[in-house]
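Written below as structure tokens is the structure these notes are about.
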There are 4 protein chains.
Amino acid sequence: MSDPFDLVITRGQIVTPEGVVSGDLAVRGEEIAAIGVELGPAKATVDAQGKYVMPGGVDPHTHIEQMSGMGVMNADTFETATRSAAMGGTTSVISFAAQAKGERLADTVADYSARAAHGAMIDYAFHMTVTDTGVADFKADLGALITAGNRSIKVFTTYNIQLSDAEILGVMSTSRAHGALVCVHAETDAIIAQAKSALIAAGKTAPHHHAASHPRMAEIEAIERICRFAEYLGQPVMIFHVSTTQGAAAVRAARVRGAPVWAETCPHYLFMTEDILRQPGLEGGKWMCSPPQRHVADQEALWDALHAGDVQLVSSDHAPYRFDESGKLSAGPHAGFHEIANGLPGLETRLPLMFDAMVSKGRGGPEGFARLTSAAPAEIYGLPKKGTLAPGMHADITLWDPEKTVTYAENDLHDNVGYNPWVGRTIKGYPTDVWLRGAHIVQNGAFKGTPGTGQKINRPTLAVTPTPPQS
Amino acid sequence: MSDPFDLVITRGQIVTPEGVVSGDLAVRGEEIAAIGVELGPAKATVDAQGKYVMPGGVDPHTHIEQMSGMGVMNADTFETATRSAAMGGTTSVISFAAQAKGERLADTVADYSARAAHGAMIDYAFHMTVTDTGVADFKADLGALITAGNRSIKVFTTYNIQLSDAEILGVMSTSRAHGALVCVHAETDAIIAQAKSALIAAGKTAPHHHAASHPRMAEIEAIERICRFAEYLGQPVMIFHVSTTQGAAAVRAARVRGAPVWAETCPHYLFMTEDILRQPGLEGGKWMCSPPQRHVADQEALWDALHAGDVQLVSSDHAPYRFDESGKLSAGPHAGFHEIANGLPGLETRLPLMFDAMVSKGRGGPEGFARLTSAAPAEIYGLPKKGTLAPGMHADITLWDPEKTVTYAENDLHDNVGYNPWVGRTIKGYPTDVWLRGAHIVQNGAFKGTPGTGQKINRPTLAVTPTPPQS
Amino acid sequence: MSDPFDLVITRGQIVTPEGVVSGDLAVRGEEIAAIGVELGPAKATVDAQGKYVMPGGVDPHTHIEQMSGMGVMNADTFETATRSAAMGGTTSVISFAAQAKGERLADTVADYSARAAHGAMIDYAFHMTVTDTGVADFKADLGALITAGNRSIKVFTTYNIQLSDAEILGVMSTSRAHGALVCVHAETDAIIAQAKSALIAAGKTAPHHHAASHPRMAEIEAIERICRFAEYLGQPVMIFHVSTTQGAAAVRAARVRGAPVWAETCPHYLFMTEDILRQPGLEGGKWMCSPPQRHVADQEALWDALHAGDVQLVSSDHAPYRFDESGKLSAGPHAGFHEIANGLPGLETRLPLMFDAMVSKGRGGPEGFARLTSAAPAEIYGLPKKGTLAPGMHADITLWDPEKTVTYAENDLHDNVGYNPWVGRTIKGYPTDVWLRGAHIVQNGAFKGTPGTGQKINRPTLAVTPTPPQS
Amino acid sequence: MSDPFDLVITRGQIVTPEGVVSGDLAVRGEEIAAIGVELGPAKATVDAQGKYVMPGGVDPHTHIEQMSGMGVMNADTFETATRSAAMGGTTSVISFAAQAKGERLADTVADYSARAAHGAMIDYAFHMTVTDTGVADFKADLGALITAGNRSIKVFTTYNIQLSDAEILGVMSTSRAHGALVCVHAETDAIIAQAKSALIAAGKTAPHHHAASHPRMAEIEAIERICRFAEYLGQPVMIFHVSTTQGAAAVRAARVRGAPVWAETCPHYLFMTEDILRQPGLEGGKWMCSPPQRHVADQEALWDALHAGDVQLVSSDHAPYRFDESGKLSAGPHAGFHEIANGLPGLETRLPLMFDAMVSKGRGGPEGFARLTSAAPAEIYGLPKKGTLAPGMHADITLWDPEKTVTYAENDLHDNVGYNPWVGRTIKGYPTDVWLRGAHIVQNGAFKGTPGTGQKINRPTLAVTPTPPQS
């Protein structure tokens, strides 16, 4: 006869990709033990009547304890970032192990791993950000780190940490040999540079000119280029933060050709437009990010792309800077848009915003929400035991109260940023309880987590067939 | 404390759309009660170690106890057809309530319902085949029957039971007002007629000329036309038995435009080519069906369309005629292709053929197989509690032994047709046990079903928004 | 030493497809003898300084001395129609030899030929309108008439003269065997019938409801269907009077597939919208035609299609009915839209409207205008010696004064219709002189033509390769 | 009365874009005076019976008196190159004024102009090749030179003379401000570099490995990138020497989007494949060029693109190196493919090869040939009075004998290269007589030209509307 369960969450609406089951979800140890009708006996029970039982969220694109390109430090530590994440219903994050120029990648990963091990309160993995391919043993280190479980890489086509075409092709080739996914910030630097210098020369330096400094063509052209590299080498790539109609179309075209390409967008591209940058003084700087928010028609095109499966993920791109001299305003009160760090906090708000849109307002329903925010990132980035509610999976669980309504306030998030970019927005549906591998880390809205209890997620490499590049 | 389960199937590989769970599946009454690790206690257990636990198959396109267009009667009764279905792992079928000319539809449905209630050993529903829109109270009857749970309609664009464009638009409009899906045999009659009479005039009447008598353009044009009607009226349609590359492309194009269009194909289009019609004498007639089998390139295009989601279903199009004077050879031993009834038996072979291709040979895996052959038809045709393994769903379950190899023989099926069109083909993977709503109707390969135990599945109507046609 | 020219038109801007030549154009007999700089000597000269010397216009779609589908007779005879044509710069027309039901086609052609021979003042050819394929010797007659120089056929998919799919395929097959072009009025009758009866049932019978009675989907679906027939048989078709964005796109798609398809539109689709039908009482009936005028976006799409070469022609579709009881109002002053004859006069206005748009306003320039309105129809319909200004071609010439401005008045045309549908519109650029095979039939705006001097244009058959239909 | 003509070419088949005129072509001074039937009187006549009278060829892409990227000097001077051109029927060339690094562009153009003025025997213009944007007054010089009549620029995306993305955008912006066309050798350097170093590392250095060192993806990606730049800035570009199916498709896609893009291909892509590089020893080096020849399917795709108008030009890309130590073999008898200068002679063979294909073998006919090889380059590059036979145009005329058959020999061309890459190929149709602005420079196959009589063609700037880049 079987032992009693450690926990049974009863009478909930259990959301699985195949549909919503009315019933009980049982946990034994760190794993889900059963889903059924009237399960028992249990050492403990939680009544979920009237609530959705969802897989814990997976946020695949976040910046934690990282230095910006302008040398500005993130406001968040692993402790504050993961606290904020958990309070928003997220139980796994992928952050960056960002190489400093001259630094060996193995050192980079070791450094970030140590910091995360100390502070993280939810599970985590790393994308390795490559900024310097000239360090000693670069290729060997990269291969070994992929094999050791870090099977995603980040490169930039712009900023002072950009790689050249030749370096990107080189990183992609090494990646292909070892089975990693290459994630790309894809905007053509030369187009941005030309637009930016024209704006500065014309004295147009207020924050809202940031939008014009990143022409949509920069995104379009870079996406096409990277997709062609992916197609040529047979190397899977993830296009980060697609913001435009044509960028999503370029991804679609590549996928139709059979190129191994995936893409994400972010809530600030789905729910904001560039108009938000028009604020008095430097205030607009709070919402500056790259690529910038676009137009209403782009929002609709991105939703279409999500529904058609051309874009598969919605990440937060959490990039936390305080709106003071330690962060966004490090260049002082008269800074131009080119001197203000780019980025928004988003770890805590990603899921409520998407729940409101997809479940409460109907753009996808609970199954679609669970798939987009948990199952899809876990599958694409290879996070074992994450992303779905099924026996044998980690008991990473979030209870959502679909009737709970929240209006965001000026500074109500649990990160260390000091402002909420969604202030004033009312959303319907909110997470009340969160379990991480069976541990109840958010209880009826109160945080109960402990630094250091998050675990690093070791990821199996991609099984890429060793096809050579096309002739 | 919860009651013991009636049945626990232990240690199986339980296939759900979200993945394969290693564990136990529990049944209480007619429903699945739980999926989990080490479930119990149970009144009975079955050990499924080494086997897949799959949802029972749903075959959405079968002809049972029906008269052919040429006045030839099907070889199968509901009893023989559902016995054959169950032996192949299928637990739900949709057959046709086929209107005779002059007959009121309500009478048609009542007649078929009575026959099925008497003989069926698995659950069933009906598509209402409309052949005469001129009978009294046609529109009122059709609406009432949809509302009563028969929410799919079949129309033909060819054969002597074809409807005109105007009649099809009329049926679609009535359907839209009440919430049914319209299924279409889409081949342009005028193209077939021209090709057929040219062949007959040239004395080309052997069975293999059947292929040329149904030019691929007949399918292509009719699909485009029906998709345009669907788009115009906002009325969902299902394109039956797509056989060509371009037919699948036409469906895709319509879906990209946002037209409410679904499509199916059949195993004989995925695994046979028109070459099979080239046999001595009339022997090729065994494999004659409409549309005919096509080319190898079409097979690949149909697989691509299945994987891309442009075609969503694989049905058997089970159309059983004996290869004797009671069936295929009713016009005698010197018949031309135009005098031989069209159709193949397929209820029992559909799932093993698809399992072999998708699971054993890898074109989709167990989740893909379960989705395509059970979940998708249950969802698209609105069969409550069918199609997936989850608590609260009907306990329609099939155990598959992935190692069991079968080579089909001349007459080894459990229908009443007398020949197996797949004779000589070896497949790997076979169903050993089947439960229908908790009743064990196939036990280790032995049939245990009882006529009349199958139930009619009442289906909720579609929630079509009342948008008028485009101006 | 060469003989003197009969006529030299000096110092004009001579428009040829390759560009505009400043110089002289010389005529000897009925043909152009030379184009050059300072040509001579000549028996007569006309100074064309400041004017364009253009090829005479070719109008490939006009209704003359024809009965409408409702039994209403055209207002124009060949005499009045060709007078009107010449005054607008047109020197060749293709009209219809329209079969009455039960009439042999040879009789139809003989009848129209006799009437045209008596009245025509410009050159002419016939499309043979097929409305009854059941008359004796139909196929043989059709083939013989094509071979005799009448190498275009017209069929309808709607109206009471529509042919069925099977009849259309039959006519196309016969056409293919003899080398004719099949022109199609392509609107799906069943869609129109459904829309029309719904409007009438709702009491919506004012003229402006005519637009809604011809849904754009009727055009789209019929064009796709006919293009598929053309592709299947390898039989060239001309889609008449494309009016919608999607109709033009369907033509383009067919052409990209390699289908032998051409298309035309008309000035009333380029310059009017359905709003023009909204007039007091029955007044809107003056502008009723089929398909109806559409939207501004369709106008732009049609211009794009013309510039891209997807649509190749602009015809007048001259269909002249008086706005009185002999014509549009034959059903009386309380007629519904379905009782009012469809059609607009356009022979005289087609060229000035297009010149104004393409030359004066720049949408194509003089070469583009000459190509679209003369060279293209002459080439596509096979009119020998027509369409361009070059030595050896017929001396069909029009002088255009690019500075002459005209505002159309209520009844200022030279046909017999009694109203000008373009009343109030101001155009820039007007023809002042016209020569037909060297005869000066319009002199400085005054008509000098003579009934019976127009000649029938015998056209060589198409050289269609005898490929069978696709298998 | 008019003066007698200086020359009448009688009884020829005069080829104009609108068709072929049987008649006479008259010349007065340097210009065509008339085209007509029985023109006269004339001071001189040439009987062209049985011959085509064609516009002199325009070759828009040739390398004359230029240093290769590897520092190897062209074999041809302006004298030898233009002699060869004339013997092949060409009367205008565009060659390169190729900037040396550090050299001011004005000096470059002055230098090449002086050399051409001394040697050229046909008319000429220059593309300005930009290799160094860092020289003093670069932008001002470039603008002034465009305005002075040099309205095309060449840039490279590969070789040691490549410009960066930022430099290319800069040149394009300057070009746009002054009205020039930017021509691009578009192959992604990083892809070539990676492929090339892999081949060299593997010891694969024979000439035939040159093909694999230029992967087709290098061309595809670079074309897409440049087309996006063109679209972004609204700056017209010409894609030089398209060699692949997908490259042509990328051009088409850009044009469908409305991007101002043109493209050319060359005879060696239409008539050769990479197999020609497989020869004993270094012999294959004779045919090495960049991009390399491709496959048979690419040849067909390029013909399709020419016929569809997606590719508008066929140039020779004449790049003449002797096959000895002064040229191709400067690195000695053991050179690798990466040490052999790239390029083929083609000025004299371009027209006969295209005439043979288009006129003798029917892929376009005489009008198509004249349009592709004369009218189109004259129009696209803005060569006044060149490209067509019409009164007022330059009397640049070639007589073609359509029956003359030539089999190319080892060294039978009139350049200074020493080998004919088409040796052994038999063509039908050859030029017998050539006039340059009325002067008879080739008489019945004998060269009569004089160095220095060719004139520089000053070209008006493009009228590009001053739209800013897209936001």
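Residue names in the structure tokens use chain letters A, B, ... in the order shown, residue numbers from 1 in each chain, and ligand numbers from 1 in the order shown.
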Please check the contacts: residues of chain A at most 8 Å away from chain B, using only C-alpha atoms, listed as a PDB file with N, CA, C and O atoms, in the first residue's frame.
ATOM      1  N   MET A   1       0.848  -1.208   0.000  1.00  0.00           N
ATOM      2  CA  MET A   1       0.000   0.000   0.000  1.00  0.00           C
ATOM      3  C   MET A   1       0.877   1.250   0.000  1.00  0.00           C
ATOM      4  O   MET A   1       1.960   1.264   0.571  1.00  0.00           O
ATOM      5  N   SER A   2       0.401   2.290  -0.623  1.00  0.00           N
ATOM      6  CA  SER A   2       1.235   3.487  -0.758  1.00  0.00           C
ATOM      7  C   SER A   2       1.189   4.358   0.504  1.00  0.00           C
ATOM      8  O   SER A   2       0.202   4.362   1.236  1.00  0.00           O
ATOM      9  N   THR A  16      -3.212  22.009 -16.898  1.00  0.00           N
ATOM     10  CA  THR A  16      -2.205  21.273 -17.654  1.00  0.00           C
ATOM     11  C   THR A  16      -2.376  21.662 -19.109  1.00  0.00           C
ATOM     12  O   THR A  16      -3.413  22.187 -19.503  1.00  0.00           O
ATOM     13  N   PRO A  17      -1.371  21.413 -19.909  1.00  0.00           N
ATOM     14  CA  PRO A  17      -1.489  21.795 -21.323  1.00  0.00           C
ATOM     15  C   PRO A  17      -2.679  21.131 -22.011  1.00  0.00           C
ATOM     16  O   PRO A  17      -3.223  21.656 -22.976  1.00  0.00           O
ATOM     17  N   GLU A  18      -3.092  19.980 -21.491  1.00  0.00           N
ATOM     18  CA  GLU A  18      -4.195  19.293 -22.166  1.00  0.00           C
ATOM     19  C   GLU A  18      -5.547  19.808 -21.735  1.00  0.00           C
ATOM     20  O   GLU A  18      -6.577  19.371 -22.255  1.00  0.00           O
ATOM     21  N   VAL A  21      -8.158  20.433 -15.172  1.00  0.00           N
ATOM     22  CA  VAL A  21      -8.731  19.330 -14.410  1.00  0.00           C
ATOM     23  C   VAL A  21      -9.256  19.870 -13.085  1.00  0.00           C
ATOM     24  O   VAL A  21      -8.517  20.553 -12.370  1.00  0.00           O
ATOM     25  N   SER A  22     -10.487  19.563 -12.758  1.00  0.00           N
ATOM     26  CA  SER A  22     -11.005  19.925 -11.437  1.00  0.00           C
ATOM     27  C   SER A  22     -10.657  18.802 -10.474  1.00  0.00           C
ATOM     28  O   SER A  22     -11.130  17.682 -10.652  1.00  0.00           O
ATOM     29  N   GLY A  23      -9.851  19.100  -9.485  1.00  0.00           N
ATOM     30  CA  GLY A  23      -9.509  17.995  -8.588  1.00  0.00           C
ATOM     31  C   GLY A  23      -8.355  18.333  -7.668  1.00  0.00           C
ATOM     32  O   GLY A  23      -8.139  19.498  -7.304  1.00  0.00           O
ATOM     33  N   ILE A  32       5.750  16.230  -7.624  1.00  0.00           N
ATOM     34  CA  ILE A  32       4.325  15.968  -7.725  1.00  0.00           C
ATOM     35  C   ILE A  32       4.130  14.465  -7.741  1.00  0.00           C
ATOM     36  O   ILE A  32       4.818  13.740  -8.482  1.00  0.00           O
ATOM     37  N   ALA A  33       3.193  13.975  -6.932  1.00  0.00           N
ATOM     38  CA  ALA A  33       2.985  12.531  -6.818  1.00  0.00           C
ATOM     39  C   ALA A  33       1.758  12.088  -7.587  1.00  0.00           C
ATOM     40  O   ALA A  33       1.719  10.965  -8.100  1.00  0.00           O
ATOM     41  N   ALA A  34       0.718  12.911  -7.631  1.00  0.00           N
ATOM     42  CA  ALA A  34      -0.504  12.489  -8.324  1.00  0.00           C
ATOM     43  C   ALA A  34      -1.381  13.690  -8.628  1.00  0.00           C
ATOM     44  O   ALA A  34      -1.336  14.718  -7.944  1.00  0.00           O
ATOM     45  N   ILE A  35      -2.190  13.527  -9.661  1.00  0.00           N
ATOM     46  CA  ILE A  35      -3.268  14.453  -9.965  1.00  0.00           C
ATOM     47  C   ILE A  35      -4.516  13.606 -10.083  1.00  0.00           C
ATOM     48  O   ILE A  35      -4.513  12.596 -10.802  1.00  0.00           O
ATOM     49  N   GLY A  36      -5.565  13.956  -9.344  1.00  0.00           N
ATOM     50  CA  GLY A  36      -6.725  13.093  -9.406  1.00  0.00           C
ATOM     51  C   GLY A  36      -7.938  13.681  -8.708  1.00  0.00           C
ATOM     52  O   GLY A  36      -7.967  14.862  -8.331  1.00  0.00           O
ATOM     53  N   VAL A  37      -8.908  12.837  -8.559  1.00  0.00           N
ATOM     54  CA  VAL A  37     -10.142  13.229  -7.900  1.00  0.00           C
ATOM     55  C   VAL A  37     -10.136  12.622  -6.495  1.00  0.00           C
ATOM     56  O   VAL A  37      -9.932  11.410  -6.347  1.00  0.00           O
ATOM     57  N   GLU A  38     -10.262  13.472  -5.494  1.00  0.00           N
ATOM     58  CA  GLU A  38     -10.298  12.996  -4.095  1.00  0.00           C
ATOM     59  C   GLU A  38      -9.091  12.148  -3.751  1.00  0.00           C
ATOM     60  O   GLU A  38      -9.184  10.956  -3.443  1.00  0.00           O
ATOM     61  N   LEU A  39      -7.931  12.769  -3.785  1.00  0.00           N
ATOM     62  CA  LEU A  39      -6.702  12.067  -3.446  1.00  0.00           C
ATOM     63  C   LEU A  39      -6.484  12.082  -1.940  1.00  0.00           C
ATOM     64  O   LEU A  39      -6.887  13.013  -1.247  1.00  0.00           O
ATOM     65  N   GLY A  40      -5.815  11.087  -1.461  1.00  0.00           N
ATOM     66  CA  GLY A  40      -5.484  11.053  -0.049  1.00  0.00           C
ATOM     67  C   GLY A  40      -4.981   9.675   0.306  1.00  0.00           C
ATOM     68  O   GLY A  40      -4.900   8.808  -0.564  1.00  0.00           O
ATOM     69  N   PRO A  41      -4.569   9.444   1.579  1.00  0.00           N
ATOM     70  CA  PRO A  41      -4.502  10.436   2.654  1.00  0.00           C
ATOM     71  C   PRO A  41      -3.282  11.343   2.517  1.00  0.00           C
ATOM     72  O   PRO A  41      -2.365  11.023   1.781  1.00  0.00           O
ATOM     73  N   THR A 388       5.664  21.988 -16.131  1.00  0.00           N
ATOM     74  CA  THR A 388       4.310  21.446 -16.201  1.00  0.00           C
ATOM     75  C   THR A 388       3.963  20.729 -14.901  1.00  0.00           C
ATOM     76  O   THR A 388       4.855  20.308 -14.150  1.00  0.00           O
ATOM     77  N   ALA A 390       2.718  17.513 -13.503  1.00  0.00           N
ATOM     78  CA  ALA A 390       2.497  16.102 -13.831  1.00  0.00           C
ATOM     79  C   ALA A 390       3.277  15.285 -12.809  1.00  0.00           C
ATOM     80  O   ALA A 390       4.302  15.749 -12.280  1.00  0.00           O
ATOM     81  N   PRO A 391       2.811  14.083 -12.525  1.00  0.00           N
ATOM     82  CA  PRO A 391       3.536  13.238 -11.564  1.00  0.00           C
ATOM     83  C   PRO A 391       4.984  13.051 -11.990  1.00  0.00           C
ATOM     84  O   PRO A 391       5.262  12.786 -13.164  1.00  0.00           O
ATOM     85  N   GLY A 392       5.886  13.224 -11.038  1.00  0.00           N
ATOM     86  CA  GLY A 392       7.303  13.085 -11.328  1.00  0.00           C
ATOM     87  C   GLY A 392       8.000  14.395 -11.588  1.00  0.00           C
ATOM     88  O   GLY A 392       9.227  14.472 -11.535  1.00  0.00           O
TER      89      GLY A 392
END
Requested in this report: Can you pull out every residue within 10 Å of Ser92 (chain D), counting only C-alpha atoms, but drop anything in the same chain fewer than 6 positions away, and send it as a VMD selection string?
Outcome: chain D and resid 56 to 60 82 85 to 86 121 to 125 374 377 to 378 383 386 to 387 396 436 454 to 457
Query raised in the report: Per DSSP on the backbone, what are the strand (DSSP E or B) residues of region 163-347 of chain C, as a list in words?
Result: Leu181, Val182, Cys183, Val184, His185, Val237, Met238, Ile239, Val261, Trp262, Ala263, Glu264, Thr265, Leu313, Val314, His318 and Leu344 of chain C
Requested in this report: With a distance cut-off of 10 Å and only C-alpha atoms, select the neighbouring residues of Met358 (chain A), excluding the residue or stretch itself and same-chain residues fewer than 4 positions from it, and output the selection as a PyMOL selection string.
Outcome: chain A and resi 352-354+362-370+372
Report task. Just the alpha helix (DSSP H) stuff from region 103-243 of chain A, please, per backbone DSSP, written as a count of residues only. Result -> 75
Query raised in the report: With distances taken over only C-alpha atoms, which of B:His268, B:Arg252, B:Arg350, B:His295 is nearest to Asp310 (chain B)?
Result: B:Arg252
Requested in this report: Mind checking which residues fall within 7 Å of region 185-193 of chain B, counting only C-alpha atoms, ignoring those fewer than 5 positions away in the same chain, and posting them as a PyMOL selection string?
Outcome: (chain B and resi 155-158+213-215+218-219+221-223+239-240) or (chain C and resi 165-166)
Report task. Pick out the residues sitting within 9 Å of Gly284 (chain B), and hand them over as a PyMOL selection string; count only C-alpha atoms, and ignore anything fewer than 4 positions along from it in its own chain. Result -> chain B and resi 206-208+276-280+288
Requested in this report: Record the distance separating CA of Val184 (chain C) and CA of Leu145 (chain C), expressed in Å with one decimal.
Outcome: 18.6 Å
For Lys404 (chain C), work out the shell of residues within 9 Å, counting only C-alpha atoms and skipping chain neighbours fewer than 5 positions away, then give it as a PDB file with C-alpha atoms, in the first residue's frame.
ATOM      1  CA  ILE C 427      -9.604  66.388 -66.698  1.00  0.00           C
ATOM      2  CA  LYS C 428      -6.445  67.748 -68.228  1.00  0.00           C
ATOM      3  CA  GLY C 429      -5.336  66.558 -71.650  1.00  0.00           C
ATOM      4  CA  TYR C 430      -7.674  65.821 -74.542  1.00  0.00           C
ATOM      5  CA  PRO C 431      -7.496  64.336 -78.057  1.00  0.00           C
TER       6      PRO C 431
END
Requested in this report: Find the distance between CA of Thr174 (chain C) and CA of Gly71 (chain C) and write it in Å to one decimal.
Outcome: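 Computing it gives 28.8 Å between the two atoms.
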Query raised in the report: What lies within 12 Å of Gly309 (chain D) using only C-alpha atoms, ignoring chain neighbours under 5 positions off, as a ChimeraX atom specification?
Result: /C:308-309 /D:248-249,251-252,255-256,261-264,302-304,314,368,371-372,376
